[in-house]
$ cat query.cif   # mmCIF, C-alpha atoms (C1' of nucleotides)
data_data
#
loop_
_atom_site.label_atom_id
_atom_site.label_comp_id
_atom_site.auth_asym_id
_atom_site.auth_seq_id
_atom_site.Cartn_x
_atom_site.Cartn_y
_atom_site.Cartn_z
CA MET A 1 -89.41 -93.04 69.62
CA LYS A 2 -89.77 -96.35 71.35
CA SER A 3 -90.22 -96.32 75.05
CA LEU A 4 -87.91 -98.17 77.33
CA LYS A 5 -90.66 -100.71 77.97
CA GLN A 6 -91.10 -101.35 74.26
CA ILE A 7 -87.41 -101.83 73.74
CA LEU A 8 -87.18 -104.19 76.66
CA SER A 9 -90.24 -106.16 75.54
CA GLU A 10 -88.78 -106.84 72.09
CA LYS A 11 -86.66 -109.55 73.54
CA ALA A 12 -87.20 -111.98 76.30
CA TYR A 13 -84.62 -110.51 78.59
CA THR A 14 -83.59 -112.35 81.62
CA ARG A 15 -83.37 -110.04 84.54
CA CYS A 16 -80.60 -111.03 86.93
CA GLU A 17 -81.17 -111.40 90.59
CA SER A 18 -79.45 -108.71 92.56
CA LYS A 19 -77.02 -111.21 94.01
CA SER A 20 -75.92 -112.42 90.56
CA PHE A 21 -75.61 -108.88 89.17
CA PRO A 22 -72.10 -108.62 87.71
CA GLY A 23 -69.49 -106.86 89.83
CA PHE A 24 -67.33 -106.11 86.81
CA VAL A 25 -67.51 -106.70 83.08
CA SER A 26 -64.74 -106.15 80.54
CA PRO A 27 -65.24 -103.14 78.28
CA MET A 28 -65.63 -103.28 74.52
CA LEU A 29 -62.45 -101.95 72.91
CA ALA A 30 -61.99 -100.20 69.58
CA THR A 31 -59.53 -101.22 66.89
CA LEU A 32 -57.10 -98.67 65.39
CA THR A 33 -57.37 -98.08 61.65
CA ASP A 34 -56.12 -95.66 59.00
CA ASP A 35 -58.92 -96.64 56.65
CA TYR A 36 -61.40 -93.84 57.27
CA PHE A 37 -64.85 -94.10 55.68
CA ASP A 38 -68.37 -92.68 55.47
CA ASP A 39 -71.13 -95.17 56.16
CA GLU A 40 -74.75 -94.48 56.99
CA ASP A 41 -74.90 -97.58 59.15
CA TRP A 42 -72.14 -96.25 61.38
CA ILE A 43 -72.11 -93.42 63.90
CA TYR A 44 -69.17 -91.26 64.93
CA GLU A 45 -68.27 -90.02 68.39
CA ARG A 46 -65.59 -87.67 69.62
CA LYS A 47 -62.61 -89.58 71.01
CA LEU A 48 -61.94 -88.30 74.50
CA ASP A 49 -58.46 -88.41 75.99
CA GLY A 50 -59.03 -89.55 79.54
CA VAL A 51 -59.49 -92.78 81.48
CA ARG A 52 -61.90 -95.48 80.33
CA THR A 53 -64.31 -96.15 83.17
CA LEU A 54 -67.08 -98.67 83.76
CA ILE A 55 -69.50 -97.87 86.54
CA THR A 56 -71.53 -100.51 88.29
CA LEU A 57 -74.38 -99.33 90.48
CA LYS A 58 -75.67 -102.10 92.70
CA ASP A 59 -78.19 -101.57 95.49
CA GLY A 60 -77.32 -97.87 95.57
CA VAL A 61 -73.54 -98.34 95.75
CA ALA A 62 -71.50 -97.10 92.78
CA THR A 63 -68.14 -98.62 91.90
CA LEU A 64 -65.78 -97.14 89.30
CA TRP A 65 -63.61 -99.64 87.42
CA SER A 66 -60.66 -99.22 85.09
CA ARG A 67 -60.61 -101.39 82.05
CA ASN A 68 -58.25 -103.80 83.82
CA GLU A 69 -60.57 -104.26 86.77
CA LYS A 70 -58.82 -101.80 89.08
CA GLN A 71 -60.96 -99.65 91.35
CA LEU A 72 -61.02 -95.97 90.45
CA SER A 73 -63.65 -94.91 92.97
CA ASN A 74 -61.18 -93.26 95.36
CA SER A 75 -59.65 -91.10 92.62
CA TYR A 76 -62.98 -89.62 91.54
CA PRO A 77 -65.22 -89.52 94.62
CA GLU A 78 -67.48 -86.78 93.21
CA ILE A 79 -68.40 -89.03 90.29
CA LYS A 80 -69.14 -91.96 92.57
CA GLU A 81 -71.37 -89.71 94.66
CA ALA A 82 -73.18 -88.31 91.64
CA PHE A 83 -74.27 -91.80 90.66
CA GLU A 84 -75.28 -92.73 94.16
CA ASN A 85 -77.34 -89.57 94.58
CA ALA A 86 -79.21 -90.07 91.30
CA LYS A 87 -81.58 -92.69 92.75
CA LEU A 88 -81.11 -95.21 89.96
CA PRO A 89 -81.76 -98.96 89.86
CA ASN A 90 -78.95 -101.48 89.39
CA LEU A 91 -77.06 -100.66 86.21
CA ILE A 92 -73.73 -100.74 84.42
CA ILE A 93 -72.63 -97.90 82.19
CA ASP A 94 -69.54 -97.27 80.10
CA GLY A 95 -67.75 -93.96 79.66
CA GLU A 96 -64.57 -91.89 79.85
CA ILE A 97 -63.47 -89.70 82.74
CA VAL A 98 -61.82 -86.53 81.46
CA ALA A 99 -60.35 -83.21 82.55
CA PHE A 100 -60.52 -80.17 80.29
CA GLU A 101 -57.88 -77.65 79.33
CA GLY A 102 -59.88 -75.07 77.44
CA ASN A 103 -62.12 -76.90 75.00
CA VAL A 104 -59.89 -79.94 74.72
CA THR A 105 -59.66 -82.96 77.00
CA SER A 106 -56.25 -83.03 78.66
CA PHE A 107 -54.75 -86.35 79.68
CA SER A 108 -51.78 -84.63 81.31
CA LYS A 109 -54.10 -82.60 83.53
CA LEU A 110 -55.98 -85.73 84.51
CA GLN A 111 -52.69 -87.38 85.41
CA ASN A 112 -52.43 -84.99 88.36
CA ARG A 113 -55.12 -86.94 90.15
CA MET A 114 -55.70 -90.23 88.40
CA GLN A 115 -53.29 -92.20 90.57
CA ILE A 116 -54.23 -90.62 93.87
CA SER A 117 -55.77 -93.20 96.17
CA ASP A 118 -57.08 -90.89 98.88
CA PRO A 119 -60.49 -89.38 97.94
CA GLU A 120 -59.89 -86.13 99.81
CA LYS A 121 -56.47 -85.62 98.28
CA ALA A 122 -57.87 -86.36 94.84
CA GLN A 123 -60.53 -83.69 95.14
CA ASN A 124 -58.07 -81.21 96.61
CA THR A 125 -55.92 -81.28 93.48
CA GLY A 126 -58.43 -78.81 92.03
CA VAL A 127 -58.57 -80.78 88.79
CA LYS A 128 -62.23 -80.76 87.76
CA VAL A 129 -63.39 -83.97 86.14
CA SER A 130 -66.45 -85.11 84.19
CA ILE A 131 -67.56 -88.47 82.91
CA TYR A 132 -68.80 -88.74 79.33
CA ILE A 133 -71.10 -91.75 79.07
CA PHE A 134 -71.47 -93.49 75.73
CA ASP A 135 -73.03 -96.86 76.51
CA ILE A 136 -75.26 -98.76 78.89
CA LEU A 137 -74.83 -102.49 79.46
CA TYR A 138 -77.32 -103.26 82.20
CA TYR A 139 -80.36 -101.37 83.39
CA ASP A 140 -82.62 -102.37 86.27
CA SER A 141 -80.74 -105.68 86.18
CA TYR A 142 -81.69 -106.27 82.51
CA ASP A 143 -78.79 -107.31 80.33
CA LEU A 144 -78.85 -104.89 77.36
CA THR A 145 -75.70 -106.08 75.63
CA GLU A 146 -77.65 -107.93 72.92
CA LEU A 147 -79.41 -104.72 71.90
CA SER A 148 -78.07 -102.74 68.95
CA LEU A 149 -75.89 -99.75 69.77
CA LEU A 150 -78.60 -97.28 68.72
CA ASN A 151 -81.15 -98.96 70.96
CA ARG A 152 -78.72 -98.96 73.87
CA LYS A 153 -78.20 -95.23 73.33
CA LYS A 154 -81.96 -94.71 73.32
CA VAL A 155 -82.21 -96.44 76.66
CA LEU A 156 -79.25 -94.45 77.95
CA ARG A 157 -80.80 -91.11 77.02
CA GLU A 158 -84.08 -92.09 78.57
CA VAL A 159 -82.93 -93.39 81.91
CA MET A 160 -79.83 -91.40 82.81
CA PRO A 161 -80.06 -87.92 84.30
CA PHE A 162 -77.29 -85.92 82.68
CA ASP A 163 -76.21 -83.37 85.24
CA ASP A 164 -72.61 -82.41 85.84
CA PRO A 165 -70.33 -84.24 86.28
CA ILE A 166 -72.31 -86.87 84.34
CA ARG A 167 -72.44 -85.98 80.65
CA TYR A 168 -73.82 -87.60 77.52
CA THR A 169 -71.47 -88.34 74.62
CA SER A 170 -73.19 -87.05 71.50
CA HIS A 171 -72.58 -88.59 68.12
CA ARG A 172 -72.88 -87.78 64.46
CA LYS A 173 -74.45 -90.02 61.85
CA LYS A 174 -72.49 -90.53 58.58
CA ASP A 175 -69.74 -88.15 57.28
CA GLY A 176 -66.98 -89.94 59.19
CA ILE A 177 -64.21 -88.65 56.95
CA GLU A 178 -65.27 -85.02 57.27
CA PHE A 179 -65.79 -85.38 61.03
CA HIS A 180 -62.30 -86.80 61.43
CA LYS A 181 -60.85 -83.87 59.53
CA GLU A 182 -62.71 -81.38 61.71
CA ALA A 183 -61.68 -83.25 64.85
CA CYS A 184 -57.99 -82.95 63.99
CA LYS A 185 -58.40 -79.27 63.20
CA LYS A 186 -59.88 -78.72 66.65
CA GLY A 187 -57.00 -80.51 68.32
CA TRP A 188 -59.03 -83.54 69.38
CA GLU A 189 -57.42 -86.93 69.80
CA GLY A 190 -59.59 -88.31 66.99
CA ILE A 191 -63.00 -89.92 66.61
CA ILE A 192 -64.50 -93.34 67.23
CA ALA A 193 -66.58 -94.96 64.50
CA LYS A 194 -69.20 -97.43 65.71
CA ASP A 195 -71.43 -99.86 63.83
CA SER A 196 -74.88 -98.67 64.87
CA GLN A 197 -76.33 -102.19 64.77
CA ALA A 198 -73.57 -103.90 66.74
CA THR A 199 -74.16 -105.61 70.06
CA TYR A 200 -71.84 -104.97 73.00
CA VAL A 201 -68.99 -107.46 73.32
CA HIS A 202 -66.50 -107.65 76.19
CA SER A 203 -63.31 -107.56 74.12
CA ARG A 204 -61.58 -105.73 71.29
CA SER A 205 -63.83 -105.51 68.27
CA LYS A 206 -63.89 -104.18 64.73
CA LYS A 207 -67.41 -102.88 65.22
CA TRP A 208 -65.74 -99.95 66.98
CA LEU A 209 -62.86 -98.24 65.16
CA LYS A 210 -60.44 -95.49 66.17
CA PHE A 211 -59.79 -92.77 63.60
CA LYS A 212 -56.91 -91.00 65.34
CA CYS A 213 -55.31 -87.66 64.63
CA SER A 214 -51.63 -88.41 64.40
CA LYS A 215 -48.72 -86.02 64.17
CA GLY A 216 -45.43 -86.71 62.46
CA GLN A 217 -42.11 -85.03 61.88
CA GLU A 218 -38.45 -85.62 61.16
CA LEU A 219 -36.05 -85.86 64.09
CA VAL A 220 -32.30 -86.29 64.43
CA ILE A 221 -30.95 -89.49 65.96
CA GLY A 222 -28.35 -88.64 68.61
CA GLY A 223 -28.03 -91.94 70.45
CA PHE A 224 -29.61 -95.23 71.38
CA THR A 225 -30.10 -97.62 74.30
CA GLU A 226 -29.03 -101.23 74.78
CA PRO A 227 -31.58 -103.90 73.88
CA GLU A 228 -33.16 -105.93 76.69
CA GLY A 229 -34.46 -109.47 76.84
CA GLU A 230 -34.82 -111.09 73.44
CA ARG A 231 -34.51 -107.77 71.67
CA VAL A 232 -31.71 -107.50 69.07
CA GLY A 233 -29.65 -104.50 67.86
CA PHE A 234 -30.75 -101.63 70.05
CA GLY A 235 -33.63 -100.78 72.38
CA ALA A 236 -34.67 -97.25 71.51
CA MET A 237 -33.38 -94.29 69.53
CA LEU A 238 -32.67 -91.04 71.41
CA VAL A 239 -33.95 -88.26 69.18
CA GLY A 240 -34.07 -84.47 69.02
CA TYR A 241 -34.35 -81.36 66.87
CA TYR A 242 -32.28 -78.22 66.29
CA GLU A 243 -33.06 -74.86 67.74
CA GLU A 244 -30.51 -72.12 67.13
CA ASP A 245 -27.68 -74.57 66.43
CA ALA A 246 -28.34 -76.58 69.58
CA LEU A 247 -29.74 -80.09 69.47
CA HIS A 248 -32.70 -80.45 71.83
CA TYR A 249 -33.54 -83.86 73.23
CA ALA A 250 -37.14 -84.88 72.46
CA GLY A 251 -37.35 -88.36 73.95
CA LYS A 252 -36.89 -92.00 73.05
CA VAL A 253 -38.50 -94.05 70.32
CA GLY A 254 -38.51 -97.80 70.78
CA THR A 255 -41.02 -99.21 68.34
CA GLY A 256 -41.55 -99.39 64.61
CA PHE A 257 -38.39 -101.40 63.81
CA ASP A 258 -38.15 -105.00 62.66
CA ASP A 259 -35.26 -107.27 63.66
CA ALA A 260 -33.33 -106.78 60.42
CA PHE A 261 -33.44 -103.00 60.82
CA LEU A 262 -32.36 -103.19 64.46
CA GLN A 263 -29.28 -105.27 63.62
CA LYS A 264 -28.29 -103.34 60.52
CA TRP A 265 -28.50 -99.95 62.19
CA ARG A 266 -26.81 -100.99 65.42
CA LYS A 267 -23.70 -101.52 63.29
CA LYS A 268 -24.08 -98.18 61.57
CA PHE A 269 -24.59 -96.41 64.88
CA ASP A 270 -21.54 -98.08 66.45
CA ALA A 271 -19.44 -96.82 63.55
CA ILE A 272 -20.16 -93.20 64.46
CA SER A 273 -20.24 -93.50 68.24
CA ARG A 274 -18.95 -90.71 70.46
CA LYS A 275 -18.36 -90.35 74.18
CA THR A 276 -20.50 -87.33 74.98
CA SER A 277 -24.15 -86.52 74.49
CA PRO A 278 -24.88 -84.42 71.42
CA PHE A 279 -27.95 -83.05 73.18
CA GLU A 280 -27.67 -79.64 74.70
CA ASN A 281 -30.36 -80.29 77.30
CA PHE A 282 -29.95 -83.95 78.22
CA ASP A 283 -30.07 -84.49 81.95
CA GLU A 284 -27.35 -86.93 82.71
CA ASP A 285 -29.04 -88.99 85.40
CA ASN A 286 -28.84 -92.39 83.73
CA GLN A 287 -25.91 -91.83 81.43
CA GLY A 288 -24.49 -95.34 81.79
CA LYS A 289 -27.24 -96.93 79.73
CA ASN A 290 -27.07 -94.59 76.76
CA HIS A 291 -24.84 -94.71 73.70
CA TRP A 292 -24.15 -91.46 71.87
CA ILE A 293 -23.57 -91.00 68.16
CA THR A 294 -22.70 -88.17 65.79
CA PRO A 295 -26.06 -86.58 65.00
CA LYS A 296 -26.12 -87.08 61.26
CA TYR A 297 -29.00 -89.49 60.64
CA VAL A 298 -32.56 -88.21 60.28
CA GLY A 299 -35.71 -90.30 60.69
CA GLU A 300 -39.44 -89.76 60.26
CA PHE A 301 -41.43 -90.31 63.43
CA GLY A 302 -45.12 -90.47 64.30
CA PHE A 303 -46.57 -89.45 67.67
CA THR A 304 -49.80 -88.16 69.17
CA GLU A 305 -48.67 -84.93 70.82
CA TRP A 306 -45.87 -83.07 72.62
CA THR A 307 -46.02 -83.59 76.38
CA ASN A 308 -45.70 -80.80 78.93
CA SER A 309 -41.98 -81.48 79.18
CA ASN A 310 -41.56 -81.24 75.43
CA LYS A 311 -41.24 -84.94 74.66
CA LEU A 312 -43.05 -87.21 72.22
CA ARG A 313 -46.15 -89.00 73.42
CA HIS A 314 -46.82 -92.44 71.89
CA PRO A 315 -43.76 -92.27 69.63
CA ARG A 316 -43.00 -94.69 66.80
CA PHE A 317 -40.43 -94.91 64.05
CA LEU A 318 -41.74 -94.60 60.49
CA GLY A 319 -38.57 -94.65 58.38
CA MET A 320 -35.17 -93.09 57.69
CA ARG A 321 -34.94 -89.81 55.76
CA LYS A 322 -31.87 -89.75 53.58
CA ASP A 323 -32.81 -86.54 51.81
CA LYS A 324 -32.63 -84.26 54.82
CA ALA A 325 -29.61 -82.70 56.51
CA ALA A 326 -29.64 -83.02 60.28
CA LYS A 327 -29.16 -79.28 60.81
CA GLU A 328 -32.37 -78.56 58.92
CA VAL A 329 -34.47 -80.48 61.42
CA THR A 330 -36.46 -78.15 63.65
CA LYS A 331 -39.61 -78.50 65.68
CA GLU A 332 -42.63 -78.11 63.45
CA GLU A 333 -45.13 -75.90 65.19
CA PRO A 334 -48.81 -76.18 64.26
CA THR A 335 -49.89 -73.29 62.06
"C1'" DT B 1 -52.55 -121.67 50.63
"C1'" DT B 2 -53.13 -117.37 52.49
"C1'" DC B 3 -54.97 -114.36 55.79
"C1'" DC B 4 -56.55 -112.87 60.40
"C1'" DG B 5 -56.96 -112.65 65.38
"C1'" DA B 6 -55.07 -113.27 69.76
"C1'" DC B 7 -51.14 -113.14 72.61
"C1'" DA B 8 -46.57 -112.26 74.38
"C1'" DG B 9 -42.78 -109.29 74.34
"C1'" DT B 10 -40.28 -104.93 73.77
"C1'" DG B 11 -40.40 -100.17 73.54
"C1'" DG B 12 -42.41 -94.90 74.89
"C1'" DG B 13 -44.16 -90.44 78.69
"C1'" DG B 14 -46.02 -89.37 83.09
"C1'" DT B 15 -47.67 -89.95 87.91
"C1'" DC B 16 -48.17 -91.82 92.57
"C1'" DG B 17 -46.74 -94.70 96.34
"C1'" DC B 18 -43.77 -97.52 98.80
"C1'" DA B 19 -39.43 -99.88 99.80
"C1'" DA B 20 -34.68 -99.37 99.90
"C1'" DT B 21 -31.02 -96.43 100.73
"C1'" DA C 1 -35.11 -87.24 103.64
"C1'" DT C 2 -34.10 -88.82 99.14
"C1'" DT C 3 -34.13 -92.03 95.44
"C1'" DG C 4 -35.32 -95.83 92.70
"C1'" DC C 5 -38.58 -98.82 91.02
"C1'" DG C 6 -43.06 -101.08 90.30
"C1'" DA C 7 -47.69 -100.37 89.03
"C1'" DC C 8 -50.90 -97.92 87.12
"C1'" DC C 9 -52.90 -94.78 83.14
"C1'" DC C 10 -52.30 -93.68 78.21
"C1'" DC C 11 -50.22 -96.27 74.27
"C1'" DA C 12 -47.36 -98.40 69.11
"C1'" DC C 13 -45.42 -102.00 67.10
"C1'" DT C 14 -43.22 -106.83 65.72
"C1'" DA C 15 -43.10 -111.77 65.88
"C1'" DT C 16 -45.42 -116.01 66.25
"C1'" DC C 17 -48.79 -119.46 65.99
"C1'" DG C 18 -53.13 -121.68 65.15
"C1'" DG C 19 -57.50 -121.56 63.07
"C1'" DA C 20 -60.56 -119.41 59.69
"C1'" DA C 21 -61.35 -118.35 55.00
#
$ encode --input "query.cif" --output "structure tokens"
Amino acid sequence: MKSLKQILSEKAYTRCESKSFPGFVSPMLATLTDDYFDDEDWIYERKLDGVRTLITLKDGVATLWSRNEKQLSNSYPEIKEAFENAKLPNLIIDGEIVAFEGNVTSFSKLQNRMQISDPEKAQNTGVKVSIYIFDILYYDSYDLTELSLLNRKKVLREVMPFDDPIRYTSHRKKDGIEFHKEACKKGWEGIIAKDSQATYVHSRSKKWLKFKCSKGQELVIGGFTEPEGERVGFGAMLVGYYEEDALHYAGKVGTGFDDAFLQKWRKKFDAISRKTSPFENFDEDNQGKNHWITPKYVGEFGFTEWTNSNKLRHPRFLGMRKDKAAKEVTKEEPT
DNA sequence: TTCCGACAGTGGGGTCGCAAT
DNA sequence: ATTGCGACCCCACTATCGGAA
């Protein structure tokens, strides 16, 4: 294995002066795809469901950044401290802050502290967090972004002390399709495929791809909202499923329709409108904005998971189901 | 000519924090 | 003291336009 010095000597790196060391750089973002593949020139990492975080360490001071250049340092003071105590030179690393629920990263658990701006309060939530690091952009003021991904990972493993809460993100070479399958079985959010020779760019790229684990099921349409702005037809569908003859509200779905669909189905919905909610558990706080319809239409919907309050996360409309009676639609539990 | 990438716009759940009530 | 709303985090998707292929 090449030493750090050898890797750095392969190119004539310019080493920035401390005063020109970047305060923030935009992260490289992955592109979503359904086209899963095996490729020996690509590596595969677990996709963690947390908050993307870039850490700059400059003259011993660590700063945690969100991907939109917001400071996260106050929400995760123990991670900031871990970097500052590690006695490292100026560097920038890229990773994901996560909280675990069992063996699976839990975004909803992380939500209990991710917006808290007081460091003491954040730590007192009792939500334990870790940061999984998967890339290094600068080290000792050397710009490493022109290195290949595998060489950056070599540098990362060599220079970073991985002690809790700082963890290394392991990866698998080849077998992307099989790894994705296993990931979904384990309840992970998915995997990230990365071109092992790619340099680091500060924007969305197709050298990094998301292979997500998506869920889908049929749901009954029990209402809709008014469109806003330039939107035509309706805004979102209000959907649910049956449980012992009662229709349970499962949230709103506002994407996946084109303009023609929105206009056509607004008319169909208006033709079967009713005054009261068909949902047995709908809390009536903003009733004025909702339109109710006879729950007879069934659609197919995609989403990532059920939230703690039993609603769809990241919902989208996939198509109408004309072959299914509304009363047959129940919540599909994982087997 | 056709395709792709980037961007704006509309829609979702959940949480915190602050202004308005 | 309570409530409503904006701003964040996580997003999915459609429409549009200009440049690449």
$ resolve_selection --input "query.cif" --expression "the PyMOL selection byres ((chain B and resi 12) around 10)" --output "short mmCIF file (atom, residue, chain, number, x, y, z; two decimals) with C-alpha atoms (C1' of nucleotides), in the frame of the given file"
data_model
loop_
_atom_site.label_atom_id
_atom_site.label_comp_id
_atom_site.auth_asym_id
_atom_site.auth_seq_id
_atom_site.Cartn_x
_atom_site.Cartn_y
_atom_site.Cartn_z
CA ALA A 236 -34.67 -97.25 71.51
CA GLY A 251 -37.35 -88.36 73.95
CA LYS A 252 -36.89 -92.00 73.05
CA VAL A 253 -38.50 -94.05 70.32
CA GLY A 254 -38.51 -97.80 70.78
CA THR A 255 -41.02 -99.21 68.34
CA PHE A 303 -46.57 -89.45 67.67
CA LEU A 312 -43.05 -87.21 72.22
CA ARG A 313 -46.15 -89.00 73.42
CA HIS A 314 -46.82 -92.44 71.89
CA PRO A 315 -43.76 -92.27 69.63
CA ARG A 316 -43.00 -94.69 66.80
"C1'" DG B 11 -40.40 -100.17 73.54
"C1'" DG B 13 -44.16 -90.44 78.69
"C1'" DC C 11 -50.22 -96.27 74.27
"C1'" DA C 12 -47.36 -98.40 69.11
#
$ resolve_selection --input "query.cif" --expression "the PyMOL selection byres ((chain A) within 10 of (chain C))" --output "list of chain:residue names"
A:Asp49, A:Gly50, A:Val51, A:Arg52, A:Ser66, A:Asn68, A:Lys70, A:Phe107, A:Ser108, A:Leu110, A:Gln111, A:Met114, A:Gln115, A:Val253, A:Gly254, A:Thr255, A:Gly256, A:Phe257, A:Asp258, A:Asp259, A:Gly302, A:Phe303, A:Thr304, A:Arg313, A:His314, A:Pro315, A:Arg316, A:Phe317
$ resolve_selection --input "query.cif" --expression "the PyMOL selection byres ((chain A and resi 151-158) around 9)" --output "list in words"
Met1, Lys2, Ser3, Leu4, Ile7, Ile93, Ile133, Phe134, Asp135, Ile136, Leu137, Tyr139, Leu144, Thr145, Leu147, Ser148, Leu149, Leu150, Val159, Met160, Pro161, Phe162, Tyr168, Ser196, Gln197 and Thr199 of chain A
$ atom_distance --input "query.cif" --atom1 "CA of Arg266 in chain A" --atom2 "CA of Val220 in chain A"
15.7 Å
$ interface_residues --input "query.cif" --of "chain B" --to "chain A" --cutoff "12 Å" --atoms "only C-alpha atoms (C1' of nucleotides)" --output "list in words"
DG5, DA6, DA8, DG9, DT10, DG11, DG12, DG13, DG14, DT15, DC16 and DG17 of chain B
$ atom_distance --input "query.cif" --atom1 "C1' of DC7 in chain B" --atom2 "CA of Phe24 in chain A"
22.7 Å
$ atom_distance --input "query.cif" --atom1 "CA of Glu182 in chain A" --atom2 "CA of Lys47 in chain A"
12.4 Å
$ residues_around --input "query.cif" --residues "Pro278 in chain A" --least-positions-apart "5" --cutoff "8 Å" --atoms "only C-alpha atoms (C1' of nucleotides)" --output "MDAnalysis selection string"
chainID A and resid 222 247 292:295
$ residues_near_point --input "query.cif" --point "(-67.1, -94.8, 80.2)" --cutoff "6 Å" --atoms "only C-alpha atoms (C1' of nucleotides)" --output "PDB file with C-alpha atoms, keeping the file's coordinate frame"
ATOM      1  CA  ARG A  52     -61.900 -95.480  80.330  1.00  0.00           C
ATOM      2  CA  THR A  53     -64.310 -96.150  83.170  1.00  0.00           C
ATOM      3  CA  LEU A  54     -67.080 -98.670  83.760  1.00  0.00           C
ATOM      4  CA  ASP A  94     -69.540 -97.270  80.100  1.00  0.00           C
ATOM      5  CA  GLY A  95     -67.750 -93.960  79.660  1.00  0.00           C
ATOM      6  CA  GLU A  96     -64.570 -91.890  79.850  1.00  0.00           C
ATOM      7  CA  ILE A 133     -71.100 -91.750  79.070  1.00  0.00           C
TER       8      ILE A 133
END
$ axis_aligned_box --input "query.cif" --around "range 3-18 of chain B" --padding-each-side "5 Å" --output "JSON"
{"center_x": -48.6, "center_y": -101.9, "center_z": 77.3, "size_x": 26.7, "size_y": 35.0, "size_z": 53.0}
$ closest_residue --input "query.cif" --among "A:Leu57, A:Asp163, A:Val232, A:Lys275" --to "Gln263 in chain A" --atoms "only C-alpha atoms"
A:Val232
$ residues_around --input "query.cif" --residues "Gly240 in chain A" --least-positions-apart "3" --cutoff "7 Å" --atoms "only C-alpha atoms (C1' of nucleotides)" --output "mmCIF file with C-alpha atoms, in the coordinates of the input"
data_model
loop_
_atom_site.group_PDB
_atom_site.id
_atom_site.type_symbol
_atom_site.label_atom_id
_atom_site.label_comp_id
_atom_site.auth_asym_id
_atom_site.auth_seq_id
_atom_site.Cartn_x
_atom_site.Cartn_y
_atom_site.Cartn_z
ATOM 1 C CA LEU A 219 -36.050 -85.860 64.090
ATOM 2 C CA VAL A 220 -32.300 -86.290 64.430
ATOM 3 C CA ILE A 221 -30.950 -89.490 65.960
ATOM 4 C CA LEU A 247 -29.740 -80.090 69.470
ATOM 5 C CA HIS A 248 -32.700 -80.450 71.830
ATOM 6 C CA TYR A 249 -33.540 -83.860 73.230
ATOM 7 C CA ALA A 250 -37.140 -84.880 72.460
#
